[in-house]
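With mmCIF, C-alpha atoms inside, this is work.cif:
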data_my_file
#
loop_
_atom_site.group_PDB
_atom_site.id
_atom_site.type_symbol
_atom_site.label_atom_id
_atom_site.label_comp_id
_atom_site.auth_asym_id
_atom_site.auth_seq_id
_atom_site.Cartn_x
_atom_site.Cartn_y
_atom_site.Cartn_z
ATOM 1 C CA MET S 410 15.331 19.198 -36.730
ATOM 2 C CA SER S 411 14.563 16.924 -39.661
ATOM 3 C CA THR S 412 11.196 15.213 -39.994
ATOM 4 C CA ARG S 413 13.018 11.882 -40.074
ATOM 5 C CA MET S 414 14.549 12.553 -36.651
ATOM 6 C CA ASP S 415 11.189 13.686 -35.285
ATOM 7 C CA ASP S 416 9.671 10.400 -36.428
ATOM 8 C CA LEU S 417 12.450 8.357 -34.808
ATOM 9 C CA LEU S 418 12.051 10.176 -31.505
ATOM 10 C CA ALA S 419 8.284 9.663 -31.600
ATOM 11 C CA ARG S 420 8.794 5.937 -32.205
ATOM 12 C CA MET S 421 11.218 5.750 -29.278
ATOM 13 C CA ARG S 422 8.660 7.367 -26.968
ATOM 14 C CA THR S 423 5.970 4.986 -28.213
ATOM 15 C CA LEU S 424 8.188 1.973 -27.514
ATOM 16 C CA GLN S 425 8.918 3.302 -24.030
ATOM 17 C CA ASP S 426 5.172 3.613 -23.365
ATOM 18 C CA GLU S 427 4.646 0.047 -24.587
ATOM 19 C CA LEU S 428 7.423 -1.186 -22.315
ATOM 20 C CA GLU S 429 5.824 0.513 -19.311
ATOM 21 C CA GLN S 430 2.496 -1.088 -20.204
ATOM 22 C CA GLU S 431 4.137 -4.516 -20.361
ATOM 23 C CA ILE S 432 5.683 -3.969 -16.922
ATOM 24 C CA ALA S 433 2.283 -2.963 -15.543
ATOM 25 C CA GLU S 434 0.762 -6.198 -16.865
ATOM 26 C CA LYS S 435 3.504 -8.204 -15.140
ATOM 27 C CA ARG S 436 2.363 -6.811 -11.797
ATOM 28 C CA ALA S 437 -0.895 -8.694 -12.072
ATOM 29 C CA ALA S 438 0.902 -11.884 -13.071
ATOM 30 C CA PHE S 439 3.045 -11.727 -9.927
ATOM 31 C CA GLN S 440 0.067 -10.933 -7.702
ATOM 32 C CA TYR S 441 0.738 -7.379 -6.615
ATOM 33 C CA ARG S 442 -0.522 -3.917 -7.461
ATOM 34 C CA LEU S 443 0.379 -0.329 -6.685
ATOM 35 C CA GLU S 444 -2.068 1.864 -4.801
ATOM 36 C CA ASN S 445 -0.913 5.471 -4.386
ATOM 37 C CA GLY S 446 2.699 4.297 -4.511
ATOM 38 C CA ARG S 447 2.062 1.528 -1.972
ATOM 39 C CA ILE S 448 2.776 -2.111 -2.868
ATOM 40 C CA VAL S 449 -0.164 -4.384 -2.095
ATOM 41 C CA TRP S 450 0.486 -8.150 -2.267
ATOM 42 C CA GLU S 451 -2.019 -10.937 -2.476
ATOM 43 C CA GLU S 452 -1.736 -13.227 0.541
ATOM 44 C CA GLU S 453 -0.863 -16.267 -1.558
ATOM 45 C CA ALA S 454 2.097 -14.418 -3.030
ATOM 46 C CA ARG S 455 3.329 -13.413 0.421
ATOM 47 C CA ARG S 456 3.128 -17.001 1.650
ATOM 48 C CA ARG S 457 4.983 -18.356 -1.363
ATOM 49 C CA HIS S 458 7.711 -15.730 -1.043
ATOM 50 C CA ARG S 459 8.353 -16.636 2.590
ATOM 51 C CA GLU S 460 8.762 -20.263 1.582
ATOM 52 C CA LEU S 461 11.342 -19.333 -1.068
ATOM 53 C CA ARG S 462 13.528 -17.263 1.254
ATOM 54 C CA VAL S 463 17.051 -18.583 1.863
ATOM 55 C CA ARG S 464 18.174 -17.958 5.444
ATOM 56 C CA TRP S 465 20.998 -15.468 5.706
ATOM 57 C CA LEU S 466 23.484 -17.842 7.371
ATOM 58 C CA ARG S 467 23.016 -20.384 4.611
ATOM 59 C CA PHE S 468 23.247 -17.610 2.035
ATOM 60 C CA LEU S 469 26.585 -16.439 3.425
ATOM 61 C CA ALA S 470 27.862 -20.003 3.747
ATOM 62 C CA TYR S 471 27.473 -20.504 -0.004
ATOM 63 C CA THR S 472 29.044 -17.157 -0.874
ATOM 64 C CA ARG S 473 32.630 -17.260 -2.178
ATOM 65 C CA PRO S 474 35.175 -15.875 0.326
ATOM 66 C CA MET S 475 36.507 -13.322 -2.159
ATOM 67 C CA VAL S 476 32.999 -11.949 -2.597
ATOM 68 C CA LEU S 477 32.755 -11.400 1.156
ATOM 69 C CA LEU S 478 36.199 -9.772 1.238
ATOM 70 C CA THR S 479 35.342 -7.319 -1.523
ATOM 71 C CA ALA S 480 31.996 -6.320 0.049
ATOM 72 C CA PRO S 481 33.561 -3.521 2.175
ATOM 73 C CA VAL S 482 35.029 -2.009 -1.007
ATOM 74 C CA ILE S 483 31.588 -1.933 -2.607
ATOM 75 C CA TYR S 484 29.926 -0.385 0.440
ATOM 76 C CA SER S 485 32.700 2.177 0.878
ATOM 77 C CA LEU S 486 31.237 3.950 -2.154
ATOM 78 C CA ILE S 487 28.243 5.023 -0.082
ATOM 79 C CA LEU S 488 30.202 8.102 1.043
ATOM 80 C CA PRO S 489 30.921 9.566 -2.433
ATOM 81 C CA PHE S 490 27.385 8.676 -3.558
ATOM 82 C CA ALA S 491 25.886 10.438 -0.532
ATOM 83 C CA LEU S 492 28.110 13.470 -1.104
ATOM 84 C CA LEU S 493 27.164 13.544 -4.781
ATOM 85 C CA HIS S 494 23.501 13.360 -3.770
ATOM 86 C CA LEU S 495 23.966 16.245 -1.336
ATOM 87 C CA PHE S 496 25.886 18.531 -3.690
ATOM 88 C CA VAL S 497 23.559 17.979 -6.657
ATOM 89 C CA THR S 498 20.586 18.626 -4.366
ATOM 90 C CA LEU S 499 22.143 21.958 -3.387
ATOM 91 C CA TYR S 500 23.045 22.773 -6.997
ATOM 92 C CA GLN S 501 19.521 22.123 -8.226
ATOM 93 C CA ALA S 502 17.935 24.052 -5.352
ATOM 94 C CA VAL S 503 20.159 27.114 -5.889
ATOM 95 C CA CYS S 504 20.588 27.234 -9.671
ATOM 96 C CA PHE S 505 17.519 25.757 -11.343
ATOM 97 C CA PRO S 506 15.128 28.483 -10.110
ATOM 98 C CA VAL S 507 17.528 31.086 -11.533
ATOM 99 C CA TYR S 508 17.552 29.358 -14.935
ATOM 100 C CA GLY S 509 13.812 28.718 -14.878
ATOM 101 C CA ILE S 510 14.381 24.954 -15.115
ATOM 102 C CA PRO S 511 11.897 22.707 -13.275
ATOM 103 C CA LYS S 512 13.569 20.670 -10.537
ATOM 104 C CA VAL S 513 13.973 16.932 -11.075
ATOM 105 C CA PRO S 514 11.925 14.972 -8.488
ATOM 106 C CA GLN S 515 14.231 12.538 -6.706
ATOM 107 C CA GLY S 516 11.395 10.115 -6.021
ATOM 108 C CA ASP S 517 10.998 9.414 -9.730
ATOM 109 C CA TYR S 518 14.513 7.947 -9.837
ATOM 110 C CA ILE S 519 15.496 6.756 -6.358
ATOM 111 C CA ARG S 520 13.198 3.827 -5.615
ATOM 112 C CA LEU S 521 13.736 1.860 -2.408
ATOM 113 C CA ASP S 522 11.158 -0.915 -2.545
ATOM 114 C CA ARG S 523 12.955 -4.236 -3.072
ATOM 115 C CA HIS S 524 13.320 -4.749 0.676
ATOM 116 C CA HIS S 525 9.583 -5.472 0.718
ATOM 117 C CA LEU S 526 10.178 -8.772 -1.096
ATOM 118 C CA ALA S 527 9.662 -11.575 1.419
ATOM 119 C CA TYR S 528 11.782 -14.080 -0.549
ATOM 120 C CA LEU S 529 14.906 -12.036 0.225
ATOM 121 C CA ASN S 530 16.820 -12.381 3.493
ATOM 122 C CA TRP S 531 18.106 -9.317 5.325
ATOM 123 C CA VAL S 532 21.525 -9.463 3.650
ATOM 124 C CA GLN S 533 19.949 -9.524 0.193
ATOM 125 C CA LYS S 534 17.565 -6.736 1.190
ATOM 126 C CA LEU S 535 20.466 -4.593 2.349
ATOM 127 C CA ASN S 536 22.247 -5.196 -0.957
ATOM 128 C CA CYS S 537 19.113 -4.264 -2.882
ATOM 129 C CA VAL S 538 18.566 -1.063 -0.914
ATOM 130 C CA TYR S 539 22.179 -0.073 -1.550
ATOM 131 C CA CYS S 540 21.989 -0.817 -5.285
ATOM 132 C CA GLY S 541 18.627 0.893 -5.619
ATOM 133 C CA TYR S 542 19.939 4.006 -3.910
ATOM 134 C CA CYS S 543 23.221 4.265 -5.820
ATOM 135 C CA ASN S 544 21.720 3.549 -9.245
ATOM 136 C CA GLY S 545 18.831 5.869 -8.454
ATOM 137 C CA VAL S 546 21.222 8.676 -7.548
ATOM 138 C CA ILE S 547 23.104 8.139 -10.814
ATOM 139 C CA ALA S 548 19.870 8.235 -12.849
ATOM 140 C CA TRP S 549 18.656 11.328 -11.004
ATOM 141 C CA VAL S 550 21.979 13.143 -11.387
ATOM 142 C CA ARG S 551 21.997 12.224 -15.067
ATOM 143 C CA GLU S 552 18.612 13.890 -15.525
ATOM 144 C CA VAL S 553 19.763 16.997 -13.643
ATOM 145 C CA ALA S 554 22.879 17.086 -15.819
ATOM 146 C CA SER S 555 20.910 16.576 -19.043
ATOM 147 C CA ARG S 556 18.623 19.512 -18.238
ATOM 148 C CA THR S 557 21.688 21.592 -17.471
ATOM 149 C CA GLU S 558 23.332 20.609 -20.750
ATOM 150 C CA ALA S 559 20.150 21.290 -22.698
ATOM 151 C CA TYR S 560 20.060 24.785 -21.192
ATOM 152 C CA TRP S 561 23.721 25.747 -21.583
ATOM 153 C CA CYS S 562 25.272 23.680 -24.363
ATOM 154 C CA PRO S 563 22.819 21.708 -26.540
ATOM 155 C CA ILE S 564 25.379 20.743 -29.203
ATOM 156 C CA LYS S 565 26.123 17.230 -30.412
ATOM 157 C CA HIS S 566 29.707 15.966 -30.205
ATOM 158 C CA ALA S 567 31.719 15.322 -33.346
ATOM 159 C CA ALA S 568 32.135 11.609 -32.544
ATOM 160 C CA ARG S 569 29.480 9.131 -31.476
ATOM 161 C CA VAL S 570 28.565 9.145 -27.777
ATOM 162 C CA GLU S 571 27.495 5.860 -26.226
ATOM 163 C CA GLY S 572 24.497 5.960 -23.909
ATOM 164 C CA ALA S 573 23.548 9.551 -24.616
ATOM 165 C CA HIS S 574 20.543 10.903 -22.733
ATOM 166 C CA ALA S 575 17.177 11.349 -24.439
ATOM 167 C CA ARG S 576 17.583 15.089 -25.123
ATOM 168 C CA TYR S 577 20.861 14.615 -26.960
ATOM 169 C CA ALA S 578 19.162 13.689 -30.257
ATOM 170 C CA GLU S 579 17.516 17.115 -30.360
ATOM 171 C CA PHE S 580 20.744 19.068 -29.864
ATOM 172 C CA SER S 581 22.125 21.180 -32.701
ATOM 173 C CA GLU S 582 24.599 19.594 -35.077
ATOM 174 C CA PHE S 583 28.324 19.914 -34.434
ATOM 175 C CA GLY S 584 29.615 22.761 -36.595
ATOM 176 C CA ASP S 585 26.191 24.246 -37.411
ATOM 177 C CA GLY S 586 27.058 27.777 -36.314
ATOM 178 C CA GLU S 587 24.387 29.434 -38.431
ATOM 179 C CA ARG S 588 21.535 27.779 -36.556
ATOM 180 C CA PHE S 589 23.155 27.519 -33.121
ATOM 181 C CA GLU S 590 21.509 30.549 -31.488
ATOM 182 C CA ALA S 591 18.057 29.519 -32.686
ATOM 183 C CA SER S 592 18.687 25.957 -31.542
ATOM 184 C CA LEU S 593 19.879 27.168 -28.146
ATOM 185 C CA ALA S 594 16.752 29.257 -27.651
ATOM 186 C CA ARG S 595 14.542 26.318 -28.649
ATOM 187 C CA SER S 596 16.351 23.919 -26.329
ATOM 188 C CA ARG S 597 16.053 26.300 -23.385
ATOM 189 C CA ARG S 598 12.384 26.816 -24.057
ATOM 190 C CA GLN S 599 11.777 23.069 -24.177
ATOM 191 C CA VAL S 600 13.586 22.306 -20.950
ATOM 192 C CA GLN S 601 11.814 25.166 -19.172
ATOM 193 C CA GLU S 602 8.288 24.552 -20.440
ATOM 194 C CA GLN S 603 7.833 20.982 -21.636
ATOM 195 C CA GLU S 604 9.482 19.417 -18.597
ATOM 196 C CA GLN S 605 7.071 21.277 -16.347
ATOM 197 C CA ASP S 606 4.179 19.310 -17.807
ATOM 198 C CA GLN S 607 5.990 16.022 -17.206
ATOM 199 C CA ASP S 608 6.800 16.918 -13.606
ATOM 200 C CA THR S 609 3.172 17.612 -12.719
ATOM 201 C CA THR S 610 2.036 14.176 -13.933
ATOM 202 C CA ALA S 611 4.939 12.064 -12.645
ATOM 203 C CA ASP S 612 4.361 9.483 -9.906
ATOM 204 C CA THR S 613 6.727 10.466 -7.093
ATOM 205 C CA GLY S 614 5.552 7.987 -4.476
ATOM 206 C CA GLN S 615 7.922 5.276 -3.287
ATOM 207 C CA GLY S 616 6.747 1.713 -2.740
ATOM 208 C CA GLN S 617 5.832 0.728 0.802
ATOM 209 C CA ALA S 618 4.756 -2.512 2.402
#

Please go through the file and, once you have read it, give me the structure as C-alpha coordinates.
Amino acid sequence: MSTRMDDLLARMRTLQDELEQEIAEKRAAFQYRLENGRIVWEEEARRRHRELRVRWLRFLAYTRPMVLLTAPVIYSLILPFALLHLFVTLYQAVCFPVYGIPKVPQGDYIRLDRHHLAYLNWVQKLNCVYCGYCNGVIAWVREVASRTEAYWCPIKHAARVEGAHARYAEFSEFGDGERFEASLARSRRQVQEQEQDQDTTADTGQGQA
(Lines of atoms letter the chains of each structure in order from A and count residues from 1; the text may use other names and numbers.)
(Lines give C-alpha, C1' and ligand atoms only; values in the text may rest on other atoms or scores of the structure.)
Protein backbone atom coordinates (compact mmCIF):
# COMPACT_ATOMS: atom_id res chain seq x y z
CA MET A 1 0.00 0.00 0.00
CA SER A 2 1.23 3.49 -0.79
CA THR A 3 2.49 5.80 1.94
CA ARG A 4 -0.14 8.32 0.87
CA MET A 5 -2.93 5.81 1.55
CA ASP A 6 -1.38 4.88 4.89
CA ASP A 7 -1.41 8.54 5.88
CA LEU A 8 -5.06 8.96 4.86
CA LEU A 9 -6.11 5.92 6.86
CA ALA A 10 -4.19 7.17 9.90
CA ARG A 11 -5.94 10.54 9.63
CA MET A 12 -9.32 8.82 9.41
CA ARG A 13 -8.61 6.86 12.59
CA THR A 14 -7.46 10.04 14.34
CA LEU A 15 -10.67 11.84 13.36
CA GLN A 16 -12.72 8.90 14.63
CA ASP A 17 -10.90 9.08 17.98
CA GLU A 18 -11.58 12.82 18.16
CA LEU A 19 -15.25 12.23 17.42
CA GLU A 20 -15.49 9.68 20.23
CA GLN A 21 -13.84 12.15 22.59
CA GLU A 22 -16.36 14.83 21.63
CA ILE A 23 -19.23 12.41 22.32
CA ALA A 24 -17.73 11.59 25.72
CA GLU A 25 -17.62 15.30 26.60
CA LYS A 26 -21.30 15.64 25.67
CA ARG A 27 -22.17 13.09 28.34
CA ALA A 28 -21.10 15.50 31.05
CA ALA A 29 -23.04 18.34 29.44
CA PHE A 30 -26.24 16.28 29.53
CA GLN A 31 -25.64 15.15 33.11
CA TYR A 32 -24.96 11.45 32.74
CA ARG A 33 -21.97 9.15 32.80
CA LEU A 34 -21.20 5.52 32.06
CA GLU A 35 -19.98 3.25 34.83
CA ASN A 36 -19.10 -0.27 33.67
CA GLY A 37 -21.63 0.06 30.85
CA ARG A 38 -24.33 1.35 33.21
CA ILE A 39 -25.95 4.75 32.59
CA VAL A 40 -25.95 6.93 35.70
CA TRP A 41 -28.08 10.10 35.57
CA GLU A 42 -27.93 13.10 37.83
CA GLU A 43 -31.22 13.57 39.66
CA GLU A 44 -31.84 17.00 38.14
CA ALA A 45 -31.61 15.51 34.66
CA ARG A 46 -34.08 12.76 35.55
CA ARG A 47 -36.56 15.29 36.90
CA ARG A 48 -36.29 17.50 33.83
CA HIS A 49 -36.72 14.55 31.49
CA ARG A 50 -39.94 13.47 33.20
CA GLU A 51 -41.31 16.97 32.77
CA LEU A 52 -40.54 16.91 29.03
CA ARG A 53 -42.27 13.59 28.36
CA VAL A 54 -45.31 13.71 26.06
CA ARG A 55 -47.99 11.25 27.16
CA TRP A 56 -48.51 8.42 24.72
CA LEU A 57 -52.18 9.16 24.00
CA ARG A 58 -51.37 12.74 23.11
CA PHE A 59 -48.41 11.54 21.06
CA LEU A 60 -50.62 9.20 19.04
CA ALA A 61 -53.32 11.84 18.67
CA TYR A 62 -50.88 14.12 16.86
CA THR A 63 -49.52 11.35 14.65
CA ARG A 64 -50.72 11.33 11.03
CA PRO A 65 -53.11 8.44 10.26
CA MET A 66 -50.94 7.16 7.41
CA VAL A 67 -48.00 6.90 9.79
CA LEU A 68 -50.07 4.70 12.10
CA LEU A 69 -51.24 2.57 9.17
CA THR A 70 -47.71 1.95 7.93
CA ALA A 71 -46.38 1.03 11.40
CA PRO A 72 -47.26 -2.69 11.01
CA VAL A 73 -45.23 -2.78 7.78
CA ILE A 74 -42.20 -1.39 9.60
CA TYR A 75 -42.51 -3.82 12.50
CA SER A 76 -43.08 -6.78 10.19
CA LEU A 77 -39.37 -6.57 9.37
CA ILE A 78 -38.52 -7.86 12.84
CA LEU A 79 -38.83 -11.43 11.51
CA PRO A 80 -36.21 -11.18 8.72
CA PHE A 81 -33.92 -9.17 11.02
CA ALA A 82 -34.20 -11.81 13.75
CA LEU A 83 -33.56 -14.59 11.24
CA LEU A 84 -30.56 -12.71 9.85
CA HIS A 85 -29.27 -12.29 13.40
CA LEU A 86 -29.70 -16.01 14.06
CA PHE A 87 -28.08 -17.24 10.85
CA VAL A 88 -25.09 -14.89 11.06
CA THR A 89 -24.61 -15.93 14.70
CA LEU A 90 -24.47 -19.56 13.58
CA TYR A 91 -22.19 -18.73 10.65
CA GLN A 92 -19.72 -16.87 12.84
CA ALA A 93 -19.77 -19.57 15.54
CA VAL A 94 -19.13 -22.39 13.03
CA CYS A 95 -16.81 -20.78 10.47
CA PHE A 96 -14.73 -18.10 12.16
CA PRO A 97 -12.84 -20.53 14.43
CA VAL A 98 -11.95 -22.58 11.34
CA TYR A 99 -10.57 -19.49 9.57
CA GLY A 100 -8.83 -18.21 12.68
CA ILE A 101 -10.87 -14.99 12.59
CA PRO A 102 -11.82 -13.43 15.95
CA LYS A 103 -15.58 -13.32 16.47
CA VAL A 104 -17.32 -9.95 16.32
CA PRO A 105 -18.85 -9.08 19.73
CA GLN A 106 -22.54 -8.31 19.24
CA GLY A 107 -22.61 -5.98 22.23
CA ASP A 108 -20.29 -3.54 20.48
CA TYR A 109 -22.92 -2.95 17.79
CA ILE A 110 -26.36 -3.78 19.18
CA ARG A 111 -27.02 -1.15 21.85
CA LEU A 112 -30.43 -1.10 23.54
CA ASP A 113 -30.27 1.87 25.89
CA ARG A 114 -32.59 4.60 24.58
CA HIS A 115 -35.53 3.18 26.54
CA HIS A 116 -33.82 4.54 29.66
CA LEU A 117 -34.60 8.11 28.56
CA ALA A 118 -37.37 9.42 30.81
CA TYR A 119 -38.51 12.07 28.29
CA LEU A 120 -39.75 9.32 25.96
CA ASN A 121 -43.16 7.68 26.38
CA TRP A 122 -43.56 3.92 26.01
CA VAL A 123 -44.45 4.14 22.31
CA GLN A 124 -41.31 6.16 21.57
CA LYS A 125 -39.24 3.78 23.69
CA LEU A 126 -40.56 0.80 21.76
CA ASN A 127 -39.68 2.53 18.49
CA CYS A 128 -36.19 3.28 19.76
CA VAL A 129 -35.58 -0.29 20.92
CA TYR A 130 -36.70 -1.57 17.52
CA CYS A 131 -34.49 0.88 15.60
CA GLY A 132 -31.53 0.26 17.87
CA TYR A 133 -31.84 -3.49 17.41
CA CYS A 134 -32.29 -3.47 13.63
CA ASN A 135 -29.55 -0.93 12.93
CA GLY A 136 -27.29 -2.70 15.40
CA VAL A 137 -27.83 -6.02 13.64
CA ILE A 138 -27.00 -4.40 10.30
CA ALA A 139 -23.79 -2.86 11.70
CA TRP A 140 -22.79 -6.13 13.34
CA VAL A 141 -23.49 -8.18 10.21
CA ARG A 142 -21.53 -5.65 8.18
CA GLU A 143 -18.50 -6.18 10.41
CA VAL A 144 -18.84 -9.96 10.17
CA ALA A 145 -19.10 -9.64 6.39
CA SER A 146 -16.12 -7.28 6.16
CA ARG A 147 -13.91 -9.71 8.08
CA THR A 148 -15.09 -12.48 5.79
CA GLU A 149 -14.34 -10.41 2.70
CA ALA A 150 -10.93 -9.43 4.02
CA TYR A 151 -10.13 -13.12 4.51
CA TRP A 152 -11.45 -14.50 1.22
CA CYS A 153 -11.51 -11.73 -1.37
CA PRO A 154 -9.68 -8.51 -0.41
CA ILE A 155 -9.84 -6.94 -3.89
CA LYS A 156 -11.21 -3.50 -4.72
CA HIS A 157 -13.99 -3.25 -7.31
CA ALA A 158 -13.36 -1.62 -10.67
CA ALA A 159 -15.98 1.10 -10.05
CA ARG A 160 -16.43 3.25 -6.97
CA VAL A 161 -18.35 1.67 -4.08
CA GLU A 162 -20.42 3.97 -1.89
CA GLY A 163 -20.22 3.40 1.85
CA ALA A 164 -17.42 0.85 1.73
CA HIS A 165 -16.31 -0.59 5.06
CA ALA A 166 -13.07 0.52 6.71
CA ARG A 167 -10.98 -2.44 5.49
CA TYR A 168 -11.84 -1.83 1.85
CA ALA A 169 -9.17 0.87 1.42
CA GLU A 170 -6.47 -1.68 2.23
CA PHE A 171 -7.64 -4.24 -0.33
CA SER A 172 -5.48 -4.99 -3.37
CA GLU A 173 -6.09 -3.01 -6.53
CA PHE A 174 -8.45 -4.34 -9.18
CA GLY A 175 -6.33 -6.02 -11.85
CA ASP A 176 -3.12 -6.21 -9.78
CA GLY A 177 -2.57 -9.93 -10.30
CA GLU A 178 1.15 -9.80 -9.61
CA ARG A 179 0.68 -8.69 -6.01
CA PHE A 180 -2.62 -10.43 -5.27
CA GLU A 181 -1.27 -13.47 -3.40
CA ALA A 182 0.95 -11.31 -1.19
CA SER A 183 -1.94 -8.93 -0.56
CA LEU A 184 -4.25 -11.82 0.30
CA ALA A 185 -1.78 -13.21 2.82
CA ARG A 186 -1.34 -9.77 4.40
CA SER A 187 -5.09 -9.18 4.61
CA ARG A 188 -5.68 -12.56 6.25
CA ARG A 189 -2.92 -11.94 8.74
CA GLN A 190 -4.37 -8.55 9.65
CA VAL A 191 -7.89 -9.79 10.18
CA GLN A 192 -6.65 -12.72 12.26
CA GLU A 193 -4.14 -10.88 14.43
CA GLN A 194 -4.87 -7.16 14.57
CA GLU A 195 -8.59 -7.60 15.22
CA GLN A 196 -7.79 -9.77 18.22
CA ASP A 197 -6.19 -6.80 19.95
CA GLN A 198 -9.24 -4.64 19.28
CA ASP A 199 -11.63 -7.28 20.60
CA THR A 200 -9.83 -7.55 23.94
CA THR A 201 -10.11 -3.80 24.60
CA ALA A 202 -13.64 -3.20 23.30
CA ASP A 203 -16.41 -2.17 25.70
CA THR A 204 -19.11 -4.82 25.30
CA GLY A 205 -21.41 -3.70 28.10
CA GLN A 206 -24.88 -2.43 27.24
CA GLY A 207 -26.36 0.61 28.97
CA GLN A 208 -28.68 -0.04 31.90
CA ALA A 209 -30.75 2.19 34.12

Please, what distance in Å, to one decimal, runs between CA of His458 (chain S) and CA of Leu526 (chain S)?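 Computing it gives 7.4 Å between the two atoms.
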
If you count all atoms listed in the file, which residues fall within 8 Å of region 463-478 of chain S, apart from same-chain ones fewer than 4 positions away, as an MDAnalysis selection string? chainID S and resid 528:532

For the file shown, report as a PDB file with C-alpha atoms, in the frame of the given file the outcome of the PyMOL selection byres ((chain S and resi 551-562) around 7) at residue level.
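Output file result-v5.pdb follows:
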ATOM      1  CA  VAL S 513      13.973  16.932 -11.075  1.00  0.00           C
ATOM      2  CA  ILE S 547      23.104   8.139 -10.814  1.00  0.00           C
ATOM      3  CA  ALA S 548      19.870   8.235 -12.849  1.00  0.00           C
ATOM      4  CA  TRP S 549      18.656  11.328 -11.004  1.00  0.00           C
ATOM      5  CA  VAL S 550      21.979  13.143 -11.387  1.00  0.00           C
ATOM      6  CA  PRO S 563      22.819  21.708 -26.540  1.00  0.00           C
ATOM      7  CA  ILE S 564      25.379  20.743 -29.203  1.00  0.00           C
ATOM      8  CA  HIS S 574      20.543  10.903 -22.733  1.00  0.00           C
ATOM      9  CA  SER S 596      16.351  23.919 -26.329  1.00  0.00           C
ATOM     10  CA  ARG S 597      16.053  26.300 -23.385  1.00  0.00           C
ATOM     11  CA  VAL S 600      13.586  22.306 -20.950  1.00  0.00           C
TER      12      VAL S 600
END

Expected selection from the PyMOL selection byres ((chain S and resi 518-523) around 12), given as JSON, numbers by chain: {"S": [443, 446, 447, 448, 449, 494, 513, 514, 515, 516, 517, 524, 525, 526, 527, 528, 529, 530, 531, 533, 534, 535, 536, 537, 538, 539, 540, 541, 542, 543, 544, 545, 546, 547, 548, 549, 550, 551, 552, 553, 611, 612, 613, 614, 615, 616, 617, 618]}

CA of Ile432 (chain S) and CA of Gln601 (chain S), how far apart in Å? 29.9 Å

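Nearest residue to Leu418 (chain S) among S:Phe583, S:Tyr577, S:Phe490, S:Phe589 is S:Tyr577, counting all atoms listed in the file.
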
Residues matched by the PyMOL selection byres ((chain S and resi 454) around 12) as an MDAnalysis selection string: chainID S and resid 436:442 449:453 455:461 526:528

Gap from CA of Phe580 (chain S) to CA of Arg598 (chain S) - Å, one decimal: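 These two atoms are separated by 12.8 Å.
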